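Read the structure below first, then the notes.
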Amino acid sequence: MLILGIDTSCDETAAAVVRDETTVQSNVISSQGIHQEYGGVVPELASRAHLTLLLPAIESALQQASCEPDDLDALAVTYGPGLSGCLLIGLSTVKSIALALDKPLVGVNHIEGHVFAGRLAGTRLDPPFIALVVSGGHTQLVHVEDWGRYRILGNTRDDAAGEAFDKVARLMRIGYPGGPVIDRLSRNGDPEFLDFPRTYLDPQGFEFSFSGLKNAVRMYLSKRSEDEIDRDQAHIAAAFQEAVVDVLVDKSTAAALAAGADTILITGGVACNSRLRERMTVKGAERGIDVVYPPPILCTDNGAMIAAAGAYRFRMGQRDGLSLSVHPRARLCGSNGSNGSKGAD
Ligand code: KG4
Ligand code: ZN
């Protein structure tokens with residue numbers, strides 16, 4: 001079975017071909033450098049960039065997979081959550097292609113896509129497991145009882161972890177996206193240089209909050225001169241990162257123990273973080289929990305994860321018509337085959 005997967009939910013224009021649900025034949029990601037000078041994604045610019053980049057990305061994905069459009073069994077596309085204009089470009093493009101080729105269309109929830117990154121060859125997880133979906137838009141702990149059957153354990157109440165990385169990097173004026181920059185800088189920093197707050201909310205619960213930490217960094221920076229900030233950049237970055245990682249590691253481990261799960265999947269852009277990988281692996285070994293990460297290229301937004309989730313949904317009989325619309329605030333909920341509440345927009 002050959003599925004083309006498209007994701008345009010934020011600032012990556014992504015197209016990929018996946019064979020037999022788990023084998024990545026191609027995975028084309030056109031990153032939009034245009035947002036760097038603004039220190040964050042500018043939705044209107046992202047939509048326009050998708051418009052220019054999407055068809056070439058689809059053509060390359062087909063070419064790299066040595067696949068003719070006619071060979072495809074179905075087209076999968078993210079309908080939400082994400083930026084509405086960006087989602088619209090992806091969905092309307094894929095609808096037109098599906099119509100022109102007379103191929104089935106399958107709408108995919110982006111968060112379910114991140115979970116399915118764990119099913120692609122190389123990782124090949126089998127449920128049940130706990131997934132920590134941690135990206136620029138989401139921080140969510142999910143008990144994956146089976147593919148397509150999810151119990152949501154907790155969400156962020158304010159900023160997502162990746163959003164906190166991006167905002168702190170902007171406050172520190174060190175570039176966008178902030179996660180990779182802070183990760184790199186922190187390798188030369190002392191995580192104990194400062195004791196930023198760790199927000200656990202209900203210690204027994206699995207909800208997250210990162211805006212207090214972001215504000216603590218903001219307050220700290222506002223009281224320091226530019227020279228001091230420059231001098232201590234690596235230490236400040238490392239201390240901030242450690243505060244995020246502490247909470248993610250503790251809550252994920254507690255969720256696995258509470259659910260009796262012996263495996264944790266860490267997925268989404270922040271799953272690329274080297275300190276999170278290191279700390280989670282150590283903690284997992286202490287607690288007898290397997291910690292699994294897709295390769296970084298499948299952690300950040302990509303089309304292969306959408307194709308993988310779409311392939312599964314297609315096999316389960318899901319077909320979406322041309323009336324499928326975007327759902328910018330779609331949530332992953334779902335048991336018994338529903339791939340998410342479309343949510344209120
Ligand atoms: O999954 P993703 O590509 O897009 C969303 O669905 O949001 O995640 C992007 C996020 C950004 O906030 C970026 O700063 C963060 O992932 N990120 C990282 C790292 N690489 C990307 N955060 C921490 N450490 C990294 N190495
Ligand atoms: Zn994402």
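Convention: chains lettered A, B, ... in structure tokens order; per-chain residue numbering from 1; ligands numbered from 1 as shown.
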Could you list, as JSON, numbers by chain, all the residues within 7 Å of ligand 2, counting only C-alpha atoms and all ligand atoms?
-> {"A": [110, 111, 114, 135, 136, 137, 268, 269, 300, 301]}
Excluding Ser26 in chain A and any residue of its chain fewer than 2 positions from it, enumerate the residues within 10 Å of it, using only C-alpha atoms, and give them as an MDAnalysis selection string.
-> chainID A and resid 4 15:19 23:24 28:29 60:67 303:304
Protein and nucleic acid residues within 8 Å of ligand 1 (only C-alpha atoms and all ligand atoms) as an NGL selection string | :A and (9-12 or 82 or 110-111 or 114 or 134-138 or 161-166 or 176-184 or 267-274 or 299-302)
Output N, CA, C and O atoms for every residue in that selection, as a short mmCIF file (atom, residue, chain, number, x, y, z; two decimals), in the first residue's frame.
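So out33.cif came out as:
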```cif
data_model
loop_
_atom_site.label_atom_id
_atom_site.label_comp_id
_atom_site.auth_asym_id
_atom_site.auth_seq_id
_atom_site.Cartn_x
_atom_site.Cartn_y
_atom_site.Cartn_z
N SER A 9 0.84 22.15 8.69
CA SER A 9 0.12 22.70 9.84
C SER A 9 0.80 23.94 10.42
O SER A 9 0.16 24.75 11.07
N CYS A 10 2.13 24.06 10.21
CA CYS A 10 2.82 25.22 10.79
C CYS A 10 3.82 25.76 9.77
O CYS A 10 3.40 26.21 8.71
N ASP A 11 5.11 25.69 10.05
CA ASP A 11 6.06 26.33 9.13
C ASP A 11 6.95 25.35 8.38
O ASP A 11 7.96 25.75 7.82
N GLU A 12 6.58 24.06 8.38
CA GLU A 12 7.30 23.11 7.53
C GLU A 12 6.34 22.69 6.43
O GLU A 12 5.20 22.33 6.72
N GLY A 82 -3.51 23.22 14.00
CA GLY A 82 -2.47 23.99 13.34
C GLY A 82 -2.97 25.37 13.00
O GLY A 82 -4.06 25.77 13.43
N HIS A 110 -2.99 15.94 13.43
CA HIS A 110 -1.54 16.15 13.49
C HIS A 110 -0.90 15.46 14.71
O HIS A 110 0.20 14.91 14.63
N ILE A 111 -1.61 15.50 15.84
CA ILE A 111 -1.03 14.90 17.06
C ILE A 111 -0.99 13.38 16.91
O ILE A 111 -0.02 12.72 17.30
N HIS A 114 2.09 12.59 15.08
CA HIS A 114 3.30 12.50 15.91
C HIS A 114 3.38 11.15 16.63
O HIS A 114 4.46 10.58 16.78
N VAL A 134 5.53 16.30 22.45
CA VAL A 134 6.08 17.54 22.98
C VAL A 134 6.68 18.35 21.84
O VAL A 134 7.67 17.96 21.24
N SER A 135 5.99 19.43 21.50
CA SER A 135 6.40 20.17 20.30
C SER A 135 6.18 21.66 20.52
O SER A 135 5.98 22.11 21.64
N GLY A 136 6.19 22.41 19.40
CA GLY A 136 5.99 23.85 19.52
C GLY A 136 4.53 24.18 19.84
O GLY A 136 4.23 25.23 20.41
N GLY A 137 3.63 23.28 19.48
CA GLY A 137 2.21 23.56 19.68
C GLY A 137 1.57 22.72 20.77
O GLY A 137 0.46 23.05 21.23
N HIS A 138 2.21 21.64 21.19
CA HIS A 138 1.54 20.71 22.11
C HIS A 138 2.50 20.16 23.15
O HIS A 138 3.67 19.94 22.86
N ALA A 161 5.87 23.13 25.59
CA ALA A 161 7.30 23.15 25.96
C ALA A 161 8.14 23.78 24.85
O ALA A 161 9.02 24.62 25.13
N GLY A 162 7.86 23.42 23.59
CA GLY A 162 8.64 23.99 22.48
C GLY A 162 8.42 25.49 22.36
O GLY A 162 9.34 26.25 22.03
N GLU A 163 7.20 25.90 22.67
CA GLU A 163 6.88 27.33 22.63
C GLU A 163 7.72 28.07 23.69
O GLU A 163 8.22 29.17 23.45
N ALA A 164 7.87 27.44 24.86
CA ALA A 164 8.69 28.05 25.91
C ALA A 164 10.14 28.15 25.44
O ALA A 164 10.79 29.19 25.64
N PHE A 165 10.67 27.10 24.79
CA PHE A 165 12.03 27.18 24.23
C PHE A 165 12.12 28.35 23.25
O PHE A 165 13.07 29.13 23.28
N ASP A 166 11.13 28.46 22.36
CA ASP A 166 11.18 29.50 21.34
C ASP A 166 11.08 30.90 21.95
O ASP A 166 11.77 31.82 21.55
N TYR A 176 15.83 31.68 16.15
CA TYR A 176 14.61 30.89 16.03
C TYR A 176 14.85 29.76 15.04
O TYR A 176 15.53 29.99 14.03
N PRO A 177 14.33 28.56 15.23
CA PRO A 177 13.60 28.12 16.42
C PRO A 177 14.54 27.95 17.61
O PRO A 177 15.69 27.55 17.47
N GLY A 178 14.00 28.24 18.78
CA GLY A 178 14.83 28.32 19.99
C GLY A 178 15.34 26.99 20.49
O GLY A 178 16.43 26.92 21.07
N GLY A 179 14.56 25.92 20.29
CA GLY A 179 14.92 24.62 20.86
C GLY A 179 16.32 24.17 20.48
O GLY A 179 17.16 23.93 21.37
N PRO A 180 16.61 24.08 19.18
CA PRO A 180 17.94 23.60 18.79
C PRO A 180 19.06 24.52 19.29
O PRO A 180 20.13 24.05 19.68
N VAL A 181 18.80 25.84 19.32
CA VAL A 181 19.84 26.78 19.76
C VAL A 181 20.13 26.59 21.24
O VAL A 181 21.28 26.51 21.68
N ILE A 182 19.05 26.50 22.04
CA ILE A 182 19.23 26.33 23.50
C ILE A 182 19.88 24.97 23.79
O ILE A 182 20.77 24.86 24.64
N ASP A 183 19.47 23.96 23.05
CA ASP A 183 20.06 22.62 23.21
C ASP A 183 21.57 22.69 22.99
O ASP A 183 22.37 22.21 23.81
N ARG A 184 21.97 23.35 21.89
CA ARG A 184 23.39 23.44 21.53
C ARG A 184 24.16 24.26 22.57
O ARG A 184 25.19 23.82 23.08
N THR A 267 7.95 12.03 21.34
CA THR A 267 7.81 12.43 19.94
C THR A 267 7.43 13.91 19.84
O THR A 267 7.02 14.51 20.83
N GLY A 268 7.58 14.49 18.65
CA GLY A 268 7.38 15.94 18.49
C GLY A 268 8.75 16.62 18.50
O GLY A 268 9.75 16.02 18.92
N GLY A 269 8.79 17.88 18.07
CA GLY A 269 10.07 18.57 17.87
C GLY A 269 10.98 18.57 19.10
O GLY A 269 12.20 18.38 18.98
N VAL A 270 10.41 18.74 20.29
CA VAL A 270 11.23 18.82 21.50
C VAL A 270 11.87 17.46 21.83
O VAL A 270 12.85 17.38 22.57
N ALA A 271 11.34 16.39 21.23
CA ALA A 271 11.93 15.06 21.42
C ALA A 271 13.33 14.99 20.81
O ALA A 271 14.07 14.04 21.06
N CYS A 272 13.72 16.00 20.01
CA CYS A 272 15.09 16.06 19.48
C CYS A 272 16.07 16.49 20.57
O CYS A 272 17.27 16.37 20.39
N ASN A 273 15.57 17.03 21.67
CA ASN A 273 16.44 17.64 22.68
C ASN A 273 17.39 16.61 23.31
O ASN A 273 16.96 15.59 23.84
N SER A 274 18.68 16.91 23.24
CA SER A 274 19.66 15.90 23.66
C SER A 274 19.62 15.66 25.17
O SER A 274 19.77 14.54 25.63
N CYS A 299 10.73 13.30 14.29
CA CYS A 299 10.18 13.93 15.50
C CYS A 299 9.58 15.30 15.16
O CYS A 299 8.48 15.63 15.59
N THR A 300 10.34 16.10 14.40
CA THR A 300 9.80 17.40 13.99
C THR A 300 8.74 17.14 12.91
O THR A 300 8.63 16.02 12.39
N ASP A 301 7.97 18.16 12.58
CA ASP A 301 6.86 17.96 11.65
C ASP A 301 7.35 17.36 10.32
O ASP A 301 8.34 17.81 9.76
N ASN A 302 6.62 16.37 9.85
CA ASN A 302 7.01 15.69 8.61
C ASN A 302 5.79 15.02 7.99
O ASN A 302 4.77 14.82 8.65
#
```
Near-Ala258 in chain A list (12 Å; only C-alpha atoms; drop same-chain fewer than 3 positions) as an MDAnalysis selection string = chainID A and resid 129:130 143 153 204:206 251:255 261:262
List the neighbours of Phe196 in chain A out to 7 Å using only C-alpha atoms; skip same-chain residues closer than 5 positions along the sequence, and give me the result as a PyMOL selection string.
-> chain A and resi 213+216+239-240+243
If you run DSSP on the backbone, which residues of range 75-126 of chain A are helix (DSSP H, G or I), as number ranges by chain?
-> A: 84-101, 110-119
Run DSSP on the backbone and grab whatever in range 64-117 of chain A lands in strand (DSSP E or B); send it over as a compact mmCIF listing (two decimals) with N, CA, C and O atoms, in the first residue's frame.
```
# COMPACT_ATOMS: atom_id res chain seq x y z
N ALA A 74 -3.84 6.13 -1.67
CA ALA A 74 -4.63 7.20 -1.04
C ALA A 74 -3.72 8.38 -0.72
O ALA A 74 -2.50 8.25 -0.71
N LEU A 75 -4.36 9.52 -0.44
CA LEU A 75 -3.64 10.73 -0.04
C LEU A 75 -4.08 11.11 1.37
O LEU A 75 -5.29 11.21 1.63
N ALA A 76 -3.10 11.29 2.25
CA ALA A 76 -3.42 11.67 3.64
C ALA A 76 -2.94 13.09 3.88
O ALA A 76 -1.85 13.47 3.42
N VAL A 77 -3.73 13.85 4.61
CA VAL A 77 -3.37 15.25 4.84
C VAL A 77 -3.82 15.68 6.23
O VAL A 77 -4.88 15.25 6.71
N THR A 78 -3.03 16.52 6.88
CA THR A 78 -3.39 17.05 8.19
C THR A 78 -4.56 18.03 8.07
O THR A 78 -4.48 18.98 7.29
N TYR A 79 -5.62 17.80 8.86
CA TYR A 79 -6.73 18.77 8.87
C TYR A 79 -6.66 19.67 10.12
O TYR A 79 -7.37 20.66 10.24
N GLY A 80 -5.83 19.32 11.09
CA GLY A 80 -5.70 20.11 12.31
C GLY A 80 -5.06 19.26 13.39
O GLY A 80 -4.90 18.06 13.18
N LEU A 105 -9.19 10.23 -0.13
CA LEU A 105 -8.59 11.27 0.71
C LEU A 105 -8.82 10.88 2.18
O LEU A 105 -9.93 10.49 2.55
N VAL A 106 -7.76 10.98 2.98
CA VAL A 106 -7.89 10.64 4.41
C VAL A 106 -7.37 11.83 5.23
O VAL A 106 -6.21 12.22 5.09
N GLY A 107 -8.22 12.40 6.07
CA GLY A 107 -7.81 13.52 6.94
C GLY A 107 -7.16 12.97 8.19
O GLY A 107 -7.64 12.00 8.78
N VAL A 108 -6.06 13.59 8.61
CA VAL A 108 -5.31 13.08 9.76
C VAL A 108 -5.15 14.18 10.81
O VAL A 108 -4.90 15.34 10.49
N ASN A 109 -5.31 13.77 12.07
CA ASN A 109 -5.04 14.66 13.20
C ASN A 109 -3.52 14.73 13.38
O ASN A 109 -2.85 13.70 13.49
```
